[in-house]
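J.: My questions all concern the structure below.
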Protein chains: 2
Amino acid sequence: MTVTVAFIGLGIMGYPMAGHLAKAGLDVRVWNRTLSRAGEWASCYRGTACSTVAEAVQGADVVLTCVGADQDLVEVYEGDDGIIANAKEGAILVDHTTASARMAEKLASRASRRNLGFIDAPVSGGQQGAENGQLTVMCGGSEEDFNKALPIMERYGRAVTLMGPAGSGQKTKMVNQIAIAGLVQGLSEALHFAEQANLDVSRVVDVISKGAAQSWQMENRSATMIKGEFNHGFAVDWMRKDLRICLEEARKINATLPVTAMVDQFYADVQAMGGKRWDTSSLIQRLRKFR
Amino acid sequence: MTVTVAFIGLGIMGYPMAGHLAKAGLDVRVWNRTLSRAGEWASCYRGTACSTVAEAVQGADVVLTCVGADQDLVEVYEGDDGIIANAKEGAILVDHTTASARMAEKLASRASRRNLGFIDAPVSGGQQGAENGQLTVMCGGSEEDFNKALPIMERYGRAVTLMGPAGSGQKTKMVNQIAIAGLVQGLSEALHFAEQANLDVSRVVDVISKGAAQSWQMENRSATMIKGEFNHGFAVDWMRKDLRICLEEARKINATLPVTAMVDQFYADVQAMGGKRWDTSSLIQRLRKFR
C-alpha cells in the first residue's frame with residue numbers, strides 16, 4: 001500500500017524535500033501559505049496541492065512540516081483547522097523547522113493526547129543539501145515514532161539521528177549554530193587581519209587550512225568572503241532567529257555564551273548595513289566597514 | 001660536501017626538528033640555553049653540542065633558531081656573541097620562533113647589512129608535527145634566500161611556503177592563531193551548551209561534525225574537552241604570547257579583532273584558574289566554572 005504523506009511549508013528547504021518524497025513514489029499532499037507555490041510544486045512533481053492544512057493532512061500516515069519559526073508552527077499545528085485536530089489517529093508528525101525546544105515539547109505533548117507521534121527534526125545542510133537529498137536531520141522523540149518516520153526522512157537525509165526525547169533535535173541544532181557563530185567570526189577576523197596586512201589572502205588560506213585552524217567554513221566560504229560575495233547560503237535574518245532561540249534556551253539551562261551573544265549583536269549590525277539576506281559569512285563585511 | 005647547520009633552541013619543537021636534520025645526514029651543531037639539554041640531544045642524535053651561540057654558528061651554511069619570543073631573539077641574534085656577528089658571510093638565517101613581524105623585519109635588515117640571508121619561518125603543527133616531520137612552515141623573505149633554506153626546512157616541514165617579504169611568515173602565523181581563537185571559543189560554548197542541555201555530547205559532535213560546523217578542533221579536541229583533559233597540545237601561556245603579538249600587530253595595521261581580544265582575556269581567566277600549561281581547548285573549563 002502506498003504511504004501517504006502531507007508536506008506543509010514549501011520554502012527553499014521544504015520545496016525540494018517534498019520533491020524527493022514524490023520522486024520516491026509516495027503519495028504526497030502539499031500545502032503552502034502562498035498557495036500558488038503549492039500549485040507550482042504540483043506541476044513540477046507528481047502530487048496534490050491542497051488549499052487548506054486540514055485537507056492536506058487528512059488520511060496522511062506521516063505529516064511533515066518545514067515552516068519559519070515558532071509562531072508559524074502555532075498556526076499550522078493548532079486550532080480546528082490545524083494538523084493536530086485533523087491528522088488521522090496513529091499518524092506521525094515530523095517538524096523540520098528550526099524552532100525552540102519548548103515548542104517541540106509542547107507539540108509532542110499535544111500530539112500524544114490525540115495518539116499522534118511527534119518528532120522534532122531540524123536539519124542542516126542548506127538549500128544544496130535539501131536539493132541533493134544530503135541533509136543532516138537531528139531528531140527528538142520516542143524510538144518507536146522515530147523508526148516509523150525514518151524511511152521517509154531518509155529520502156532527503158544523509159544522516160538522520162535520534163538524539164533523545166522531544167526537544168533534543170532542536171537542542172542539537174542549537175549546538176550546531178553556536179559552534180558556527182564563533183567559528184565564522186574568528187574566520188572573519190583572521191581574513192580581515194590578512195587583508196589589512198597586505199598578505200595574499202587566498203594563499204594564506206591554502207596554507208593554514210592544512211592545520212589546526214581548518215574548518216568547513218574556511219574551506220567553503222573563504223573564497224567568497226575574500227571576493228565580498230554573500231549569496232552562498234543561510235541568510236543573516238534566519239541566523240538571528242536561530243541565535244535568539246539559542247540564547248533563550250541558554251538562559252533556561254544556565255549555559256554561558258559570551259561570544260555567541262556578541263556575534264548575535266554583530267549580525268544585527270550586518271542587518272543594519274543592508275545585509276538581511278546576505279549569508280552568515282558576511283560578518284567580515286562589518287569588520288571592513290570600520291576601515 | 002656536507003651542509004653544516006646550526007640549530008639554536010632545543011625546546012619541545014626545536015629538539016625533534018634538529019633531530020630530523022641530523023637523521024638526514026647533515027652536520028648539525030646545536031646550542032640551548034640550558035646546556036645540559038644540548039648534551040642530551042647530542043647523545044641521542046649524531047651532532048655537536050656547543051657551549052656558546054658563537055661556537056655553534058661559526059662555519060654554518062644555515063643557522064636555524066626556535067626560541068621563545070622576541071626578547072629571546074634579541075639575546076641570540078644580537079651582540080658580539082650573537083648569530084649576526086658570528087655567522088659566516090652568505091649564510092642563511094632561518095627563525096622558526098613565533099614572534100612579532102617587526103622583529104622579523106629588524107633581523108632581516110641587520111642580517112642583510114652583513115650579507116646574511118634571513119627568513120622568518122614560524123611553524124604550526126605542534127609537538128606531534130615536529131616529531132613526525134609534518135610541520136606547516138610559513139615563510140617571509142626573498143625568494144633567493146627561501147630557495148636556499150627550503151631543502152633544510154623540508155626535513156621537518158610538510159608544507160613550506162613563501163608568503164611574501166620579511167615578516168610575512170609571522171603575519172600568516174597570526175592569521176592562523178586569530179582563526180583558532182574564535183573557533184575554539186565557539187566550540188567551547190557549543191559543547192558547554194550541549195552539556196547543560198543534558199545531550200549525549202559525543203553523539204552531538206558525531207552528528208554536527210558532518211556539516212558546516214565541522215573543524216579540525218571539533219574532530220581532534222572535542223573528546224578530550226568532554227573528558228576535561230587539557231594536556232593535548234599548545235599551552236595557554238604560549239597562546240597568550242601569540243595573541244598579544246596578534247593584537248599589537250592589529251593595532252598597527254588597523255585591523256578590528258573584537259572576539260580575538262575577548263578570547264585573550266578569557267585565556268587570562270584560564271591562567272588564573274591554574275591553567276597556564278593546559279592546552280588551548282581549556283576555554284570550556286572557564287565556562288564550566290560558572291556552573
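Each chain in the C-alpha cells gets a letter, A, B, ..., in the order shown, and its residues are numbered from 1; ligands are numbered from 1 in order too.
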For chain A, which residues have at least one atom within 6 Å of chain B, if we go by only C-alpha atoms? Write them as a list in words, please.

T.: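 For chain A, the answer reads Val175, Asn176, Ile178, Ala179, Ile180, Gly182, Leu183, Gly186, Leu187, Glu189, Ala190, Phe193, Gln196, Ala212, Ala213, Gln214, Ser215, Trp216, Ile253, Ala255 and Leu257 of chain A.
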
J.: Which residues are close to Phe7 of chain A, i.e. within 7 Å by only C-alpha atoms, leaving aside same-chain residues fewer than 5 positions away? Reply as a VMD selection string.

T.: chain A and resid 18 29 to 31 63 to 65

J.: Pull all heavy atoms from the residues just selected and write them as a compact mmCIF listing (two decimals), in the first residue's frame.

T.:
```
# COMPACT_ATOMS: atom_id res chain seq x y z
N ALA A 18 10.04 17.90 -0.21
CA ALA A 18 8.79 17.26 -0.64
C ALA A 18 8.97 16.62 -2.02
O ALA A 18 8.40 15.56 -2.31
CB ALA A 18 7.66 18.29 -0.65
N ARG A 29 0.85 15.05 -0.49
CA ARG A 29 -0.14 16.13 -0.49
C ARG A 29 0.53 17.35 0.14
O ARG A 29 1.04 17.27 1.24
CB ARG A 29 -1.37 15.70 0.32
CG ARG A 29 -1.96 14.37 -0.20
CD ARG A 29 -3.00 13.79 0.76
NE ARG A 29 -4.14 14.70 0.92
CZ ARG A 29 -5.12 14.85 0.05
NH1 ARG A 29 -5.11 14.14 -1.08
NH2 ARG A 29 -6.10 15.69 0.28
N VAL A 30 0.53 18.47 -0.56
CA VAL A 30 1.27 19.63 -0.06
C VAL A 30 0.36 20.82 0.21
O VAL A 30 -0.70 20.98 -0.38
CB VAL A 30 2.39 20.07 -1.06
CG1 VAL A 30 3.38 18.93 -1.31
CG2 VAL A 30 1.78 20.56 -2.38
N TRP A 31 0.83 21.62 1.17
CA TRP A 31 0.18 22.91 1.43
C TRP A 31 1.26 23.95 1.68
O TRP A 31 2.31 23.66 2.26
CB TRP A 31 -0.72 22.82 2.67
CG TRP A 31 -1.39 24.15 2.98
CD1 TRP A 31 -2.56 24.63 2.45
CD2 TRP A 31 -0.91 25.17 3.87
NE1 TRP A 31 -2.84 25.87 2.95
CE2 TRP A 31 -1.84 26.24 3.83
CE3 TRP A 31 0.22 25.30 4.68
CZ2 TRP A 31 -1.68 27.41 4.57
CZ3 TRP A 31 0.37 26.47 5.43
CH2 TRP A 31 -0.58 27.51 5.38
N VAL A 63 2.93 13.31 8.61
CA VAL A 63 2.77 14.72 8.28
C VAL A 63 4.08 15.43 8.56
O VAL A 63 4.60 15.38 9.69
CB VAL A 63 1.66 15.38 9.12
CG1 VAL A 63 1.53 16.87 8.80
CG2 VAL A 63 0.33 14.66 8.90
N LEU A 64 4.66 16.06 7.54
CA LEU A 64 5.94 16.75 7.70
C LEU A 64 5.72 18.25 7.59
O LEU A 64 4.95 18.70 6.74
CB LEU A 64 6.92 16.27 6.62
CG LEU A 64 7.06 14.74 6.62
CD1 LEU A 64 6.72 14.18 5.25
CD2 LEU A 64 8.43 14.32 7.07
N THR A 65 6.40 19.00 8.44
CA THR A 65 6.29 20.46 8.37
C THR A 65 7.68 21.08 8.27
O THR A 65 8.65 20.56 8.82
CB THR A 65 5.59 21.03 9.62
OG1 THR A 65 6.24 20.52 10.80
CG2 THR A 65 4.12 20.63 9.66
```

J.: Taking the DSSP assignment computed from this structure's backbone, write out as a VMD selection string all residues of segment 7-64 of chain A that belong to strand (DSSP E).

T.: chain A and resid 7 to 8 27 to 31 48 to 49 62 to 64

J.: Selected residues, N, CA and C atoms, written as a CSV table (one decimal), in the first residue's frame, please.

T.:
```csv
chain,number,residue,atom,x,y,z
A,7,PHE,N,3.0,17.3,3.3
A,7,PHE,CA,4.2,18.2,3.5
A,7,PHE,C,3.7,19.7,3.6
A,8,ILE,N,3.9,20.3,4.7
A,8,ILE,CA,3.4,21.6,5.0
A,8,ILE,C,4.5,22.6,5.0
A,27,ASP,N,2.7,9.0,-2.1
A,27,ASP,CA,1.5,9.9,-2.4
A,27,ASP,C,1.7,11.1,-1.5
A,28,VAL,N,2.1,12.2,-2.2
A,28,VAL,CA,2.4,13.5,-1.4
A,28,VAL,C,1.3,14.5,-1.6
A,29,ARG,N,0.9,15.1,-0.5
A,29,ARG,CA,-0.1,16.1,-0.5
A,29,ARG,C,0.5,17.4,0.1
A,30,VAL,N,0.5,18.5,-0.6
A,30,VAL,CA,1.3,19.6,-0.1
A,30,VAL,C,0.4,20.8,0.2
A,31,TRP,N,0.8,21.6,1.2
A,31,TRP,CA,0.2,22.9,1.4
A,31,TRP,C,1.3,24.0,1.7
A,48,THR,N,-0.3,16.3,-4.9
A,48,THR,CA,-1.5,17.1,-4.9
A,48,THR,C,-1.4,18.3,-4.1
A,49,ALA,N,-1.7,19.5,-4.7
A,49,ALA,CA,-1.7,20.7,-4.0
A,49,ALA,C,-3.0,20.9,-3.3
A,62,VAL,N,2.1,10.1,7.6
A,62,VAL,CA,3.2,11.0,8.1
A,62,VAL,C,2.9,12.4,7.7
A,63,VAL,N,2.9,13.3,8.6
A,63,VAL,CA,2.8,14.7,8.3
A,63,VAL,C,4.1,15.4,8.6
A,64,LEU,N,4.7,16.1,7.5
A,64,LEU,CA,5.9,16.8,7.7
A,64,LEU,C,5.7,18.2,7.6
```

J.: What's the separation between atom CA of Ala87 of chain B and atom CA of Ala54 of chain B, in Å to one decimal place?

T.: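 These two atoms are separated by 7.8 Å.
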
J.: List the spatial neighbours of Phe146 of chain B as a ChimeraX atom specification - criterion: any atom at most 10 Å away, only C-alpha atoms, same-chain residues fewer than 4 positions off excluded.

T.: /B:92,94,117-121,139-142,150-151,153,160-162

J.: Name the closest residue to Asp237 of chain B among the candidates B:Ala268, B:Ala130, B:Met17, B:Val74; distances are taken between atoms, counting only C-alpha atoms.

T.: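 Closest candidate: B:Ala268.
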
J.: Tell me which protein, DNA and RNA residues are within 12 Å of Arg114 of chain A, counting only C-alpha atoms, leaving out same-chain ones fewer than 3 positions away, and put them as number ranges by chain.

T.: A: 83-93, 107-111, 117-118

J.: Once DSSP has gone over the backbone, tell me which residues of segment 26-265 of chain B are in helix (DSSP H, G or I), as a PyMOL selection string.

T.: chain B and resi 35-44+53-57+70-77+83-86+101-113+126-132+143-153+168-196+201-208+216-227+236-253+258-265

J.: Taking 3 positions as the minimum chain separation for residues in the same chain, which residues sit within 9 Å of segment 36-38 of chain A when counting only C-alpha atoms? Answer as number ranges by chain.

T.: A: 9-11, 15, 30-33, 41-43, 48-51

J.: Could you check how far atom CA of Ser222 of chain A sits from atom CA of Ala99 of chain B, in Å to one decimal?

T.: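 Atom CA of Ala99 of chain B lies at a distance of 25.7 Å from atom CA of Ser222 of chain A.
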
J.: Any idea what the distance is between atom CA of Ala24 of chain B and atom CA of Val5 of chain B?

T.: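 Between atom CA of Ala24 of chain B and atom CA of Val5 of chain B the gap works out to 11.7 Å.
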